[in-house]
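*Asks:* First, the structure itself, so that you have it in front of you.
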Amino acid sequence: MTTLQHKRDSPIAHLSADDIENLGIELDAIRQQVISSRGADDAAYIRKVIELQRKLELGSRGVLLFSLFPPAWLAGTVGLSISKIIENMEIGHNVMHGQWDWMRDPAIHSTTWEWDNASPSDMWKHSHNELHHTYTNVIGKDNDLGYGIMRVDEDQRWMPFYLAQPLWNLINACFFEYGIAAYDLEIGKYFQGRKDKDEFRRLGKKVLGKIRKQMTKDYVVHPLLSGPSALTTLTANMTANLVRNIWTHSVIMCGHFPEGVETFEKKSIEGETRGEWYLRQMLGSANIDGSPLMHFMTGNLSFQIEHHLFPDLPSNRYAEIAPQVRELFDRYDLTYTTGSLVRQVGSAWKKVFRLALPNDFLSKATSAVNPGTLIQLFGRGPADADSAAA
Amino acid sequence: MTTTLHRPSAAGALRDRVMRIAESITTPLVPADYFDIVNPLRSGAGLRGRIVAIHPETSDAATIVIKPGRGWRTHVPGQYIRLGVDVDGVRQWRAYSLTSTTGAADGHIAITVKAIPDGKVSNYLVRRATAGTIVQLDHAAGDFTLGAERPRKVLFLTAGSGITPVMGMLRNIGTQPMDVVLMHSAPTSSDVIFAVELRQLARQGRIRLVEKHTDADGMLNVTEIETLVDDVAERETWACGPAGMLDAIEQHWNDSGFADRLHTERFRPSVVTAGEGGTVTYAKSDTVLETEGSQTLLDAGEAAGVLMPSGCRMGICFGCVAPLREGAVRDLRNGEITTAAPGDGVLIQTCVSAAAGSCDIDL
């Protein structure tokens, strides 16, 4: 993709300013419809999910006390992996978005929630809720576009470092929670000397403190509690964290990297109206098709478009408004980017490979082996006359 | 030789250690998050209770019997509790007088609630709540009580649900001899909360009951009190009812020169009327501003130099969330009004909220 502003055929050329504002009004109405009907059922839903996750975690960790027995290791690891995924996605990510703040329950609130992840919640809320969700897909403003270690858009400048980006992406997937923590710390910015040293040190301490607690729990305390099963519990916990990391990374890659997602120029958001902001969210996100169970396991981030339009609506309601949102896309002649998990993950990875090389590298390479252009470049001959005639 | 003057008790140190280990097992949560799944009323948990029964009193009032959690300390008759209930998924806090006897064998406590028109919580408790529901509690508070030295002669002046704290006292007087006159106003005879019990107390001669049914008899006139009760000046008086009635009583007692014998309890209905713009108090910053109805609390605060947390400035990131201590605000995106009374713990997004009347922000 190239930024929408650089495209020869802009996907929004057919929309007038009035169209875009009307689009905003229609989306506001969809939002209001959910807000007005939020109630006891929704509250019961999140409480049930939290209870289920905590019971699953307790049960899995209980089974892992006997992880020396392979069936116990397997069952416990599967349970703990699922529990960690639910905790991070359907619960943690969404609670920290303020999706449940309306319940006024201090125990389930964006200002008090802490999650089972290396990145402390307040740092995550800054880099994710504030930066990524406000500046979605704006090149130079939204660091989620490649997380600062990859090039995922033609309009991001190529550097030799990106040659190995498939490898960086794989490593990031395996250690995703630490990747997020480093990202929230803005380590890259620090090394470029663009971040205040004291501030960096203060935040660094905070991250290390959180990581120490997390690691002590998963890699010291629980293994020790397992007695003779210490070593196998350690491997079980490492596996669960790895599974959680790869799963969350894959789902999140599908949100903005697949083919069909648009990016935007920095100056294009100057003086952006609410309608224009909505439009950018619509074009800058991609969904994943699947079953209700799949949606649940992605924390409903499979409804990435709906989530980006309304980041503070309860996640259990995205499925219900998705058809209405999609109808808007059709009516305003916009592309609703969606596909199966396999297809979207594949599409995102393909882009990671493709953009590891400079933009015109492939076409140059192709043309380099074309005899016609070789002559054009290096010699004079009849080809010259041909092209002149054409 | 030196001796250690202060040493933490061995049990205390052990407890701290166990807690630290337990926390290292459950981080980033705390052990309580897991214990709460099993027993939300256990000792050490946040103070909660479970509704065990709901008894209708009149057509629009009911007594809610609650089994409080282990942390409950007893109350003094006449006091109220703040109760947090989830109505349509949203936690709402209200204060209600306790009407139960203290130290009941089953440990239960009770409040009596009258449904007021458009009252979110009162209507929920009277008409929709069910036994088994968990509610949030605060410890009992209030000084509308008989005091350590029981007076010999007492006058209670009540109207409507104002009878509730007085009932709390009457049920706890026990066998002590006390000369009690109760003047109670209600629209009709069938609107009298605790009618059966009060009339029985009167028949037994334990209280003198004067019922005033205002639909037929008209409102109680303060000067009437002295014609009905000849020794008002000698009686320690407790009054609880609507603001108009209390104002008149206070005025009269002041004029008569025995204001020091009068105790009043005002039920403040948390009805905040929303306006456009208003006076905003940023409590921690000691800043008071007049704001327009179209100006966000974030913009107004920042312009006046208040250190405001902020983020996206468009209502999506929740980086600007701050407690609304009291008052009303309007969500500029959809016009929705949010109100808060002290202690409600309502958090609002300052970047999309404007004052809708006077409000007090904890920043």
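Identifiers in this document derive from the order of the structure tokens: chains are assigned A, B, ..., residues are numbered from 1 separately in each chain, and ligands are numbered from 1 in order of occurrence.
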With only C-alpha atoms considered, list every residue of chain B at most 7 Å from chain A, as a count of residues only.
*Replies:* 16
*Asks:* Tell me, as a list in words, which residues lie within 9 Å of segment 330-344 of chain A, counting only C-alpha atoms; anything in the same chain fewer than 6 positions away does not count.
*Replies:*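 Using only C-alpha atoms, the neighbours found are Pro11, Ile12, His14, Leu15, Asp19, Leu23, Ser250, Val251, Met253, Cys254, Gly255, Phe257, Pro258, Glu259, Gly260, Val261, Met282, Leu283, Ser285, Ala286, Asn287, Ile288, Asp289, Gly290, Ser302 and Ile305 of chain A.
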*Asks:* Could you please take those selected residues and save C-alpha atoms as a compact mmCIF listing (two decimals), in the first residue's frame?
*Replies:*
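result.txt, written as the output of this step:
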# COMPACT_ATOMS: atom_id res chain seq x y z
CA PRO A 11 -10.69 5.16 -2.70
CA ILE A 12 -12.45 8.21 -1.29
CA HIS A 14 -16.15 9.86 -4.84
CA LEU A 15 -17.06 11.22 -1.40
CA ASP A 19 -20.92 12.63 2.48
CA LEU A 23 -21.12 9.10 7.43
CA SER A 250 -0.87 -12.87 14.87
CA VAL A 251 -4.26 -11.38 15.69
CA MET A 253 -0.91 -8.17 12.78
CA CYS A 254 -4.25 -8.80 11.09
CA GLY A 255 -5.62 -5.50 12.37
CA PHE A 257 -1.05 -4.92 8.06
CA PRO A 258 -3.07 -7.01 5.57
CA GLU A 259 -3.36 -5.97 1.95
CA GLY A 260 -6.24 -3.56 1.38
CA VAL A 261 -5.66 -1.46 4.50
CA MET A 282 -12.80 2.54 8.51
CA LEU A 283 -10.12 2.35 5.84
CA SER A 285 -8.40 -1.40 9.82
CA ALA A 286 -9.11 -4.98 8.76
CA ASN A 287 -11.37 -7.64 10.26
CA ILE A 288 -11.02 -11.39 10.60
CA ASP A 289 -13.89 -13.71 9.66
CA GLY A 290 -14.66 -16.62 11.92
CA SER A 302 -11.42 -9.66 14.87
CA ILE A 305 -12.94 -2.00 12.15
*Asks:* If you count only C-alpha atoms, which residues fall within 6 Å of Ile51 of chain B, apart from same-chain ones fewer than 5 positions away, as a ChimeraX atom specification?
*Replies:* /B:65-66,131-133
*Asks:* Would you pick out the contacts of Ala236 of chain A at 10 Å or less, using only C-alpha atoms, so that residues sharing its chain but fewer than 2 positions from it are not included, and give the list as a list in words?
*Replies:*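 The residues that qualify are Arg61, Leu64, Ser67, Ala72, Trp73, Leu74, Ala75, Gly76, Thr77, Val78, Leu80, Ser81, Asp218, Tyr219, Pro223, Ala230, Leu231, Thr232, Thr233, Leu234, Met238, Thr239, Ala240, Asn241 and Leu242 of chain A.
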*Asks:* Find the distance between atom CA of Gly275 of chain B and atom CA of Tyr124 of chain B and write it in Å to one decimal.
*Replies:* 26.5 Å
*Asks:* Go ahead and compute the interatomic distance for atom CA of Val152 of chain A and atom CA of Asp9 of chain A, in Å to one decimal.
*Replies:*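 Separation of atom CA of Val152 of chain A and atom CA of Asp9 of chain A: 20.3 Å.
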*Asks:* Residues within 7 Å of segment 170-184 of chain B, please, as a list in words. Count only C-alpha atoms; anything in the same chain fewer than 2 positions from it doesn't count.
*Replies:*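 Within the cut-off, the hits are Pro77, Thr101, Arg152, Lys153, Val154, Leu155, Phe156, Leu157, Thr158, Ala159, Val166, Met167, Gly168, Ala186, Ile207, Arg208, Leu209, Val210, Glu211 and Lys212 of chain B.
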*Asks:* Return the single residue from A:Thr2, A:Ile25, A:Lys364, A:Val345 that is closest to Leu328 of chain A, with distances computed using only C-alpha atoms.
*Replies:*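 Result for the nearest residue to Leu328 of chain A: A:Ile25.
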*Asks:* Of the residues A:Ile321, A:Ile108, A:Ile139, A:Ile86, which is the one nearest to Ile269 of chain A, using only C-alpha atoms?
*Replies:*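 Once distances to Ile269 of chain A are computed over only C-alpha atoms, the minimum belongs to A:Ile139.
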*Asks:* Among segment 44-254 of chain B, which residues carry a DSSP assignment of strand (DSSP E), reported as a ChimeraX atom specification?
*Replies:* /B:48-58,61-68,80-87,90-97,109-114,134-137,153-159,179-186,207-213,236-241
*Asks:* Rounded to one decimal in Å, what is the spacing between atom CA of Leu293 of chain A and atom CA of Phe176 of chain A?
*Replies:*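 Answer for the atom CA of Leu293 of chain A to atom CA of Phe176 of chain A separation: 22.8 Å.
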*Asks:* Contacts of Phe267 of chain B at 9 Å or less, counting only C-alpha atoms, minus same-chain residues fewer than 4 places along, as a list of chain:residue names?
*Replies:*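 Counting only C-alpha atoms, the residues come to B:Ala95, B:Tyr96, B:Gly162, B:Cys240, B:Gly241, B:Pro242, B:Ala243.
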*Asks:* Can you list, as an NGL selection string, every residue of segment 133-285 of chain B that DSSP puts in alpha helix (DSSP H)?
*Replies:* :B and (163-170 or 195-203 or 214-217 or 222-228 or 243-256)
*Asks:* Those selected residues, please, written with C-alpha atoms and delivered as a PDB file, in the first residue's frame.
*Replies:*
ATOM      1  CA  ILE B 163     -39.870   7.492  60.030  1.00  0.00           C
ATOM      2  CA  THR B 164     -37.044   5.100  59.142  1.00  0.00           C
ATOM      3  CA  PRO B 165     -34.225   6.347  61.423  1.00  0.00           C
ATOM      4  CA  VAL B 166     -36.773   6.825  64.215  1.00  0.00           C
ATOM      5  CA  MET B 167     -37.995   3.256  63.770  1.00  0.00           C
ATOM      6  CA  GLY B 168     -34.372   2.219  64.064  1.00  0.00           C
ATOM      7  CA  MET B 169     -34.278   3.954  67.444  1.00  0.00           C
ATOM      8  CA  LEU B 170     -37.687   2.738  68.660  1.00  0.00           C
ATOM      9  CA  ALA B 195     -48.151   1.191  60.620  1.00  0.00           C
ATOM     10  CA  VAL B 196     -48.934  -2.132  62.298  1.00  0.00           C
ATOM     11  CA  GLU B 197     -45.912  -2.056  64.557  1.00  0.00           C
ATOM     12  CA  LEU B 198     -46.313   1.616  65.488  1.00  0.00           C
ATOM     13  CA  ARG B 199     -49.980   1.243  66.325  1.00  0.00           C
ATOM     14  CA  GLN B 200     -49.201  -1.813  68.424  1.00  0.00           C
ATOM     15  CA  LEU B 201     -46.533   0.121  70.358  1.00  0.00           C
ATOM     16  CA  ALA B 202     -49.142   2.798  70.956  1.00  0.00           C
ATOM     17  CA  ARG B 203     -51.729   0.243  72.149  1.00  0.00           C
ATOM     18  CA  THR B 214     -52.153  14.874  55.162  1.00  0.00           C
ATOM     19  CA  ASP B 215     -54.409  14.074  52.172  1.00  0.00           C
ATOM     20  CA  ALA B 216     -57.409  14.505  54.467  1.00  0.00           C
ATOM     21  CA  ASP B 217     -56.051  16.618  57.335  1.00  0.00           C
ATOM     22  CA  VAL B 222     -45.739  23.739  63.413  1.00  0.00           C
ATOM     23  CA  THR B 223     -47.923  25.680  65.786  1.00  0.00           C
ATOM     24  CA  GLU B 224     -50.216  22.653  65.945  1.00  0.00           C
ATOM     25  CA  ILE B 225     -47.465  20.669  67.622  1.00  0.00           C
ATOM     26  CA  GLU B 226     -47.782  22.593  70.852  1.00  0.00           C
ATOM     27  CA  THR B 227     -51.522  22.139  71.005  1.00  0.00           C
ATOM     28  CA  LEU B 228     -51.124  18.383  70.527  1.00  0.00           C
ATOM     29  CA  ALA B 243     -36.856  19.951  53.757  1.00  0.00           C
ATOM     30  CA  GLY B 244     -39.870  22.282  54.047  1.00  0.00           C
ATOM     31  CA  MET B 245     -41.055  20.629  57.219  1.00  0.00           C
ATOM     32  CA  LEU B 246     -37.575  20.656  58.769  1.00  0.00           C
ATOM     33  CA  ASP B 247     -37.068  24.321  57.883  1.00  0.00           C
ATOM     34  CA  ALA B 248     -40.322  25.247  59.605  1.00  0.00           C
ATOM     35  CA  ILE B 249     -39.490  23.172  62.668  1.00  0.00           C
ATOM     36  CA  GLU B 250     -35.992  24.623  62.965  1.00  0.00           C
ATOM     37  CA  GLN B 251     -37.378  28.133  62.647  1.00  0.00           C
ATOM     38  CA  HIS B 252     -39.989  27.511  65.307  1.00  0.00           C
ATOM     39  CA  TRP B 253     -37.590  25.862  67.762  1.00  0.00           C
ATOM     40  CA  ASN B 254     -35.163  28.743  67.265  1.00  0.00           C
ATOM     41  CA  ASP B 255     -37.879  31.309  67.884  1.00  0.00           C
ATOM     42  CA  SER B 256     -39.035  29.447  70.966  1.00  0.00           C
TER      43      SER B 256
END
*Asks:* Compile the contact shell of segment 105-112 of chain B as a ChimeraX atom specification: residues with an atom at most 10 Å away, counting only C-alpha atoms, same-chain residues fewer than 6 positions apart removed.
*Replies:* /B:49-57,61-70,72,74-75,80-81,83,95-99,122,125-126,161,163-165,167-168,193-194
*Asks:* Keeping N, CA and C atoms for every residue in the selection just given, could you write it to a file as a short mmCIF file (atom, residue, chain, number, x, y, z; two decimals), in the first residue's frame?
*Replies:*
data_model
loop_
_atom_site.label_atom_id
_atom_site.label_comp_id
_atom_site.auth_asym_id
_atom_site.auth_seq_id
_atom_site.Cartn_x
_atom_site.Cartn_y
_atom_site.Cartn_z
N GLY B 49 -22.51 -7.02 51.25
CA GLY B 49 -23.58 -7.75 51.92
C GLY B 49 -24.38 -8.51 50.89
N ARG B 50 -25.20 -9.43 51.39
CA ARG B 50 -26.09 -10.17 50.49
C ARG B 50 -27.52 -9.92 50.94
N ILE B 51 -28.38 -9.57 50.00
CA ILE B 51 -29.79 -9.37 50.34
C ILE B 51 -30.37 -10.74 50.67
N VAL B 52 -30.94 -10.89 51.88
CA VAL B 52 -31.51 -12.19 52.24
C VAL B 52 -33.03 -12.19 52.14
N ALA B 53 -33.65 -11.02 52.27
CA ALA B 53 -35.11 -10.98 52.15
C ALA B 53 -35.56 -9.56 51.84
N ILE B 54 -36.70 -9.46 51.20
CA ILE B 54 -37.29 -8.14 50.93
C ILE B 54 -38.75 -8.20 51.36
N HIS B 55 -39.12 -7.38 52.35
CA HIS B 55 -40.49 -7.37 52.85
C HIS B 55 -41.17 -6.08 52.43
N PRO B 56 -42.28 -6.17 51.69
CA PRO B 56 -43.01 -4.94 51.35
C PRO B 56 -43.59 -4.34 52.63
N GLU B 57 -43.54 -3.00 52.74
CA GLU B 57 -44.12 -2.31 53.89
C GLU B 57 -45.42 -1.63 53.50
N ALA B 61 -43.02 1.09 49.51
CA ALA B 61 -41.87 1.01 50.42
C ALA B 61 -41.60 -0.45 50.77
N ALA B 62 -40.36 -0.77 51.00
CA ALA B 62 -40.00 -2.14 51.36
C ALA B 62 -38.80 -2.14 52.28
N THR B 63 -38.73 -3.18 53.11
CA THR B 63 -37.57 -3.35 53.97
C THR B 63 -36.65 -4.38 53.34
N ILE B 64 -35.37 -4.02 53.22
CA ILE B 64 -34.38 -4.90 52.60
C ILE B 64 -33.52 -5.47 53.73
N VAL B 65 -33.58 -6.77 53.91
CA VAL B 65 -32.79 -7.41 54.96
C VAL B 65 -31.48 -7.88 54.33
N ILE B 66 -30.37 -7.49 54.96
CA ILE B 66 -29.05 -7.76 54.37
C ILE B 66 -28.18 -8.52 55.36
N LYS B 67 -27.51 -9.54 54.84
CA LYS B 67 -26.51 -10.21 55.66
C LYS B 67 -25.18 -9.54 55.33
N PRO B 68 -24.62 -8.77 56.26
CA PRO B 68 -23.37 -8.07 55.94
C PRO B 68 -22.18 -9.02 56.00
N GLY B 69 -21.11 -8.66 55.29
CA GLY B 69 -19.89 -9.47 55.31
C GLY B 69 -19.22 -9.43 56.67
N ARG B 70 -18.16 -10.23 56.79
CA ARG B 70 -17.49 -10.38 58.08
C ARG B 70 -16.96 -9.08 58.66
N TRP B 72 -18.29 -6.24 58.94
CA TRP B 72 -19.29 -5.29 59.44
C TRP B 72 -19.13 -5.02 60.93
N THR B 74 -20.98 -3.03 64.18
CA THR B 74 -22.37 -2.73 64.47
C THR B 74 -22.65 -1.23 64.32
N HIS B 75 -23.92 -0.85 64.38
CA HIS B 75 -24.26 0.56 64.19
C HIS B 75 -24.97 1.10 65.42
N TYR B 80 -27.31 5.81 59.36
CA TYR B 80 -27.60 5.32 58.01
C TYR B 80 -26.39 4.57 57.45
N ILE B 81 -26.61 3.83 56.41
CA ILE B 81 -25.48 3.25 55.68
C ILE B 81 -25.55 3.71 54.23
N LEU B 83 -25.17 2.46 50.50
CA LEU B 83 -25.35 1.16 49.87
C LEU B 83 -25.04 1.31 48.39
N ALA B 95 -27.73 6.56 50.37
CA ALA B 95 -27.72 6.38 51.82
C ALA B 95 -29.13 6.05 52.30
N TYR B 96 -29.23 5.06 53.19
CA TYR B 96 -30.53 4.70 53.76
C TYR B 96 -30.38 4.46 55.26
N SER B 97 -31.41 4.84 56.02
CA SER B 97 -31.36 4.63 57.47
C SER B 97 -31.53 3.16 57.80
N LEU B 98 -30.82 2.73 58.82
CA LEU B 98 -30.95 1.35 59.29
C LEU B 98 -32.19 1.27 60.17
N THR B 99 -33.00 0.25 59.96
CA THR B 99 -34.23 0.12 60.75
C THR B 99 -34.21 -1.13 61.61
N SER B 122 -34.07 3.65 44.50
CA SER B 122 -35.18 3.30 45.38
C SER B 122 -36.19 2.41 44.64
N LEU B 125 -34.71 -1.09 44.36
CA LEU B 125 -34.72 -1.86 45.61
C LEU B 125 -36.14 -2.29 45.98
N VAL B 126 -37.11 -1.41 45.78
CA VAL B 126 -38.48 -1.73 46.20
C VAL B 126 -39.14 -2.71 45.23
N SER B 161 -40.85 8.80 54.58
CA SER B 161 -39.78 7.85 54.92
C SER B 161 -38.91 8.38 56.05
N ILE B 163 -39.63 8.39 58.89
CA ILE B 163 -39.87 7.49 60.03
C ILE B 163 -38.73 6.47 60.18
N THR B 164 -37.99 6.23 59.10
CA THR B 164 -37.04 5.10 59.14
C THR B 164 -35.96 5.21 60.22
N PRO B 165 -35.24 6.33 60.36
CA PRO B 165 -34.23 6.35 61.42
C PRO B 165 -34.88 6.27 62.81
N MET B 167 -37.65 4.66 63.53
CA MET B 167 -38.00 3.26 63.77
C MET B 167 -36.77 2.50 64.24
N GLY B 168 -35.63 2.84 63.63
CA GLY B 168 -34.37 2.22 64.06
C GLY B 168 -34.14 2.45 65.55
N ILE B 193 -45.59 3.87 56.84
CA ILE B 193 -44.65 2.75 56.90
C ILE B 193 -44.59 2.27 58.36
N PHE B 194 -44.49 1.00 58.57
CA PHE B 194 -44.47 0.37 59.91
C PHE B 194 -45.78 0.61 60.68
#
*Asks:* Under the rule that only C-alpha atoms are counted, which of A:Leu68, A:Ile82, A:Leu27, A:Ala322 is the nearest residue to Thr298 of chain A?
*Replies:* A:Ile82
